[in-house]
Amino acid sequence: MGVKGDSRARIVLAANEGEKVVIGGLGVRFMVGAEESGGSFALVEHPIGPRALAAPVHTHRYEDEYTYVLEGEIGVQVGDEVRVARPGDLVFKPRGVPHAFWNVGDGPARALEIISPAGFERYFAEVAPLLPPAHNGPPDERALGAIMARYGLEMDLGSIPVLAERHGLTVEGPPPSER
């Protein structure tokens, strides 16, 4: 469904539309991708399970991210600064700066993530089959490393136990409920 003169345009994306994947306690609903935005940005929705670590400390080489909190409270670490973002708050995570995020509460959290430029959003679809809940057992570290390298992503896996202990988080908690 497009607008006359622009086959990329979409008038409405309904709440139940969009490809979805789950990675541990982090959900991803793809809303706008590179194809729809001409590569300028992507928009994904992140439902995050209670007390779930959504992403350990990681650094993007190519894109900036903006997280707009819709529901719950989301803890963020950007560089050395740690904050809690609440509904209506916008968090800026610039490329080249290590950052992490998690749900600080015992209830669900939900955020919109704007990624600029687009392209990185497909990372989630590529890694989902390699990680819980889609994959049980040890992950294929070589495959994960190849995907991260292709997207210019550096991940500090050593930050996982530190963040979990410091903020009382579950690393692979129950997936967020489908909306």
# chains A, B, ... in the order shown; residues from 1 in each chain; ligands from 1
call {"tool": "residues_around", "arguments": {"residues": "A:Pro132", "least_positions_apart": "6", "cutoff": "9 Å", "atoms": "only C-alpha atoms", "output": "list in words"}}
result
Val22, Ile23, Gly24, Pro139 and Glu172 of chain A
call {"tool": "write_last_selection", "arguments": {"atoms": "C-alpha atoms", "output": "short mmCIF file (atom, residue, chain, number, x, y, z; two decimals), in the first residue's frame"}}
result
data_model
loop_
_atom_site.label_atom_id
_atom_site.label_comp_id
_atom_site.auth_asym_id
_atom_site.auth_seq_id
_atom_site.Cartn_x
_atom_site.Cartn_y
_atom_site.Cartn_z
CA VAL A 22 12.62 -11.99 20.42
CA ILE A 23 16.15 -12.10 21.80
CA GLY A 24 16.17 -13.10 25.48
CA PRO A 139 25.62 -19.78 20.78
CA GLU A 172 17.70 -14.37 29.74
#
call {"tool": "residues_around", "arguments": {"residues": "A:Ile48", "least_positions_apart": "3", "cutoff": "8 Å", "atoms": "only C-alpha atoms", "output": "PDB file with all heavy atoms, in the first residue's frame"}}
result
ATOM      1  N   GLY A  25      15.152 -11.331  26.801  1.00  0.00           N
ATOM      2  CA  GLY A  25      14.049 -10.519  27.309  1.00  0.00           C
ATOM      3  C   GLY A  25      13.740  -9.303  26.459  1.00  0.00           C
ATOM      4  O   GLY A  25      12.935  -8.464  26.847  1.00  0.00           O
ATOM      5  N   LEU A  26      14.386  -9.186  25.288  1.00  0.00           N
ATOM      6  CA  LEU A  26      14.190  -8.043  24.401  1.00  0.00           C
ATOM      7  C   LEU A  26      13.367  -8.448  23.189  1.00  0.00           C
ATOM      8  O   LEU A  26      13.720  -9.385  22.478  1.00  0.00           O
ATOM      9  CB  LEU A  26      15.550  -7.509  23.917  1.00  0.00           C
ATOM     10  CG  LEU A  26      15.513  -6.387  22.874  1.00  0.00           C
ATOM     11  CD1 LEU A  26      14.989  -5.091  23.500  1.00  0.00           C
ATOM     12  CD2 LEU A  26      16.888  -6.173  22.269  1.00  0.00           C
ATOM     13  N   GLY A  27      12.277  -7.743  22.962  1.00  0.00           N
ATOM     14  CA  GLY A  27      11.493  -7.935  21.747  1.00  0.00           C
ATOM     15  C   GLY A  27      11.840  -6.865  20.741  1.00  0.00           C
ATOM     16  O   GLY A  27      12.338  -5.781  21.095  1.00  0.00           O
ATOM     17  N   ALA A  52      14.867  -7.236  32.683  1.00  0.00           N
ATOM     18  CA  ALA A  52      15.678  -7.858  31.629  1.00  0.00           C
ATOM     19  C   ALA A  52      16.781  -6.924  31.157  1.00  0.00           C
ATOM     20  O   ALA A  52      16.554  -5.724  30.965  1.00  0.00           O
ATOM     21  CB  ALA A  52      14.804  -8.258  30.451  1.00  0.00           C
ATOM     22  N   ALA A  54      18.426  -5.693  28.226  1.00  0.00           N
ATOM     23  CA  ALA A  54      18.084  -5.636  26.802  1.00  0.00           C
ATOM     24  C   ALA A  54      19.336  -5.739  25.941  1.00  0.00           C
ATOM     25  O   ALA A  54      19.331  -6.421  24.921  1.00  0.00           O
ATOM     26  CB  ALA A  54      17.328  -4.349  26.494  1.00  0.00           C
ATOM     27  N   TRP A 102      18.374  -1.507  29.827  1.00  0.00           N
ATOM     28  CA  TRP A 102      17.673  -2.572  30.529  1.00  0.00           C
ATOM     29  C   TRP A 102      16.372  -2.041  31.112  1.00  0.00           C
ATOM     30  O   TRP A 102      16.172  -0.839  31.222  1.00  0.00           O
ATOM     31  CB  TRP A 102      18.546  -3.146  31.645  1.00  0.00           C
ATOM     32  CG  TRP A 102      18.983  -2.113  32.646  1.00  0.00           C
ATOM     33  CD1 TRP A 102      18.338  -1.735  33.793  1.00  0.00           C
ATOM     34  CD2 TRP A 102      20.154  -1.292  32.579  1.00  0.00           C
ATOM     35  NE1 TRP A 102      19.032  -0.744  34.440  1.00  0.00           N
ATOM     36  CE2 TRP A 102      20.152  -0.453  33.720  1.00  0.00           C
ATOM     37  CE3 TRP A 102      21.209  -1.186  31.674  1.00  0.00           C
ATOM     38  CZ2 TRP A 102      21.156   0.474  33.975  1.00  0.00           C
ATOM     39  CZ3 TRP A 102      22.209  -0.260  31.931  1.00  0.00           C
ATOM     40  CH2 TRP A 102      22.191   0.554  33.064  1.00  0.00           C
ATOM     41  N   ASN A 103      15.497  -2.962  31.499  1.00  0.00           N
ATOM     42  CA  ASN A 103      14.249  -2.608  32.181  1.00  0.00           C
ATOM     43  C   ASN A 103      14.532  -2.633  33.675  1.00  0.00           C
ATOM     44  O   ASN A 103      14.879  -3.683  34.219  1.00  0.00           O
ATOM     45  CB  ASN A 103      13.154  -3.623  31.811  1.00  0.00           C
ATOM     46  CG  ASN A 103      11.822  -3.344  32.499  1.00  0.00           C
ATOM     47  OD1 ASN A 103      11.728  -2.533  33.404  1.00  0.00           O
ATOM     48  ND2 ASN A 103      10.791  -4.034  32.064  1.00  0.00           N
ATOM     49  N   PRO A 108       6.419  -4.625  32.603  1.00  0.00           N
ATOM     50  CA  PRO A 108       6.953  -4.466  31.248  1.00  0.00           C
ATOM     51  C   PRO A 108       7.442  -3.041  30.991  1.00  0.00           C
ATOM     52  O   PRO A 108       7.004  -2.096  31.645  1.00  0.00           O
ATOM     53  CB  PRO A 108       5.759  -4.798  30.353  1.00  0.00           C
ATOM     54  CG  PRO A 108       4.559  -4.554  31.194  1.00  0.00           C
ATOM     55  CD  PRO A 108       4.965  -4.831  32.613  1.00  0.00           C
ATOM     56  N   ALA A 109       8.359  -2.924  30.067  1.00  0.00           N
ATOM     57  CA  ALA A 109       8.806  -1.621  29.570  1.00  0.00           C
ATOM     58  C   ALA A 109       8.725  -1.692  28.046  1.00  0.00           C
ATOM     59  O   ALA A 109       8.769  -2.769  27.455  1.00  0.00           O
ATOM     60  CB  ALA A 109      10.233  -1.313  30.023  1.00  0.00           C
ATOM     61  N   ARG A 110       8.601  -0.527  27.450  1.00  0.00           N
ATOM     62  CA  ARG A 110       8.472  -0.470  25.993  1.00  0.00           C
ATOM     63  C   ARG A 110       9.049   0.847  25.513  1.00  0.00           C
ATOM     64  O   ARG A 110       8.809   1.895  26.107  1.00  0.00           O
ATOM     65  CB  ARG A 110       6.994  -0.575  25.629  1.00  0.00           C
ATOM     66  CG  ARG A 110       6.696  -1.054  24.252  1.00  0.00           C
ATOM     67  CD  ARG A 110       5.236  -1.499  24.119  1.00  0.00           C
ATOM     68  NE  ARG A 110       4.287  -0.577  24.703  1.00  0.00           N
ATOM     69  CZ  ARG A 110       3.645   0.379  24.039  1.00  0.00           C
ATOM     70  NH1 ARG A 110       3.854   0.531  22.745  1.00  0.00           N
ATOM     71  NH2 ARG A 110       2.805   1.166  24.649  1.00  0.00           N
ATOM     72  N   PRO A 175      10.480 -13.820  27.643  1.00  0.00           N
ATOM     73  CA  PRO A 175      10.313 -12.832  26.593  1.00  0.00           C
ATOM     74  C   PRO A 175       9.165 -11.883  26.904  1.00  0.00           C
ATOM     75  O   PRO A 175       8.230 -12.258  27.620  1.00  0.00           O
ATOM     76  CB  PRO A 175      10.020 -13.657  25.344  1.00  0.00           C
ATOM     77  CG  PRO A 175       9.570 -14.972  25.859  1.00  0.00           C
ATOM     78  CD  PRO A 175      10.176 -15.161  27.211  1.00  0.00           C
ATOM     79  N   PRO A 176       9.232 -10.664  26.402  1.00  0.00           N
ATOM     80  CA  PRO A 176       8.151  -9.715  26.625  1.00  0.00           C
ATOM     81  C   PRO A 176       6.860 -10.223  25.969  1.00  0.00           C
ATOM     82  O   PRO A 176       6.899 -10.943  24.987  1.00  0.00           O
ATOM     83  CB  PRO A 176       8.634  -8.436  25.968  1.00  0.00           C
ATOM     84  CG  PRO A 176       9.740  -8.829  25.077  1.00  0.00           C
ATOM     85  CD  PRO A 176      10.294 -10.132  25.576  1.00  0.00           C
TER      86      PRO A 176
END
call {"tool": "select_by_dssp", "arguments": {"residues": "stretch 50-130 of chain A", "states": "strand (DSSP E or B)", "output": "ChimeraX atom specification"}}
result
/A:52-60,64-71,74-78,81-85,90-93,99-103,109-116
call {"tool": "write_last_selection", "arguments": {"atoms": "C-alpha atoms", "output": "compact mmCIF listing (two decimals), in the first residue's frame"}}
result
# COMPACT_ATOMS: atom_id res chain seq x y z
CA ALA A 52 15.68 -7.86 31.63
CA LEU A 53 19.05 -6.78 30.31
CA ALA A 54 18.08 -5.64 26.80
CA ALA A 55 21.67 -5.11 25.60
CA PRO A 56 25.04 -5.30 27.34
CA VAL A 57 27.61 -2.57 26.81
CA HIS A 58 28.18 -2.22 23.08
CA THR A 59 29.41 0.37 20.59
CA HIS A 60 28.09 1.20 17.11
CA ASP A 64 23.30 6.89 16.26
CA GLU A 65 20.36 5.61 18.30
CA TYR A 66 17.57 7.51 20.01
CA THR A 67 15.38 5.70 22.54
CA TYR A 68 11.96 7.17 23.32
CA VAL A 69 10.38 5.53 26.36
CA LEU A 70 6.69 4.64 25.99
CA GLU A 71 6.08 2.50 29.09
CA ILE A 74 14.49 1.93 31.22
CA GLY A 75 17.95 2.09 32.69
CA VAL A 76 20.67 3.30 30.36
CA GLN A 77 24.40 3.56 30.53
CA VAL A 78 25.92 5.89 27.95
CA GLU A 81 26.83 7.93 32.87
CA VAL A 82 23.92 5.84 34.20
CA ARG A 83 20.36 7.18 34.17
CA VAL A 84 16.75 6.00 34.36
CA ALA A 85 14.47 7.12 31.54
CA LEU A 90 14.37 10.55 24.98
CA VAL A 91 17.84 9.01 25.33
CA PHE A 92 20.58 9.84 22.81
CA LYS A 93 23.18 7.10 22.22
CA HIS A 99 26.12 2.08 25.87
CA ALA A 100 23.73 -0.47 27.39
CA PHE A 101 20.04 -0.55 28.37
CA TRP A 102 17.67 -2.57 30.53
CA ASN A 103 14.25 -2.61 32.18
CA ALA A 109 8.81 -1.62 29.57
CA ARG A 110 8.47 -0.47 25.99
CA ALA A 111 10.43 1.98 23.87
CA LEU A 112 10.74 3.21 20.32
CA GLU A 113 14.27 3.09 18.94
CA ILE A 114 15.24 5.39 16.10
CA ILE A 115 18.39 4.24 14.31
CA SER A 116 20.15 6.69 11.98
call {"tool": "closest_residue", "arguments": {"among": "A:Pro133, A:Gly88, A:Arg142, A:Met31", "to": "A:Ala118", "atoms": "only C-alpha atoms"}}
result
A:Met31
call {"tool": "closest_residue", "arguments": {"among": "A:Val12, A:Val97, A:Ala125, A:Val162", "to": "A:Arg29", "atoms": "only C-alpha atoms"}}
result
A:Ala125
call {"tool": "closest_residue", "arguments": {"among": "A:Pro98, A:Leu13, A:Pro87, A:Gly105", "to": "A:Ser159", "atoms": "only C-alpha atoms"}}
result
A:Pro98
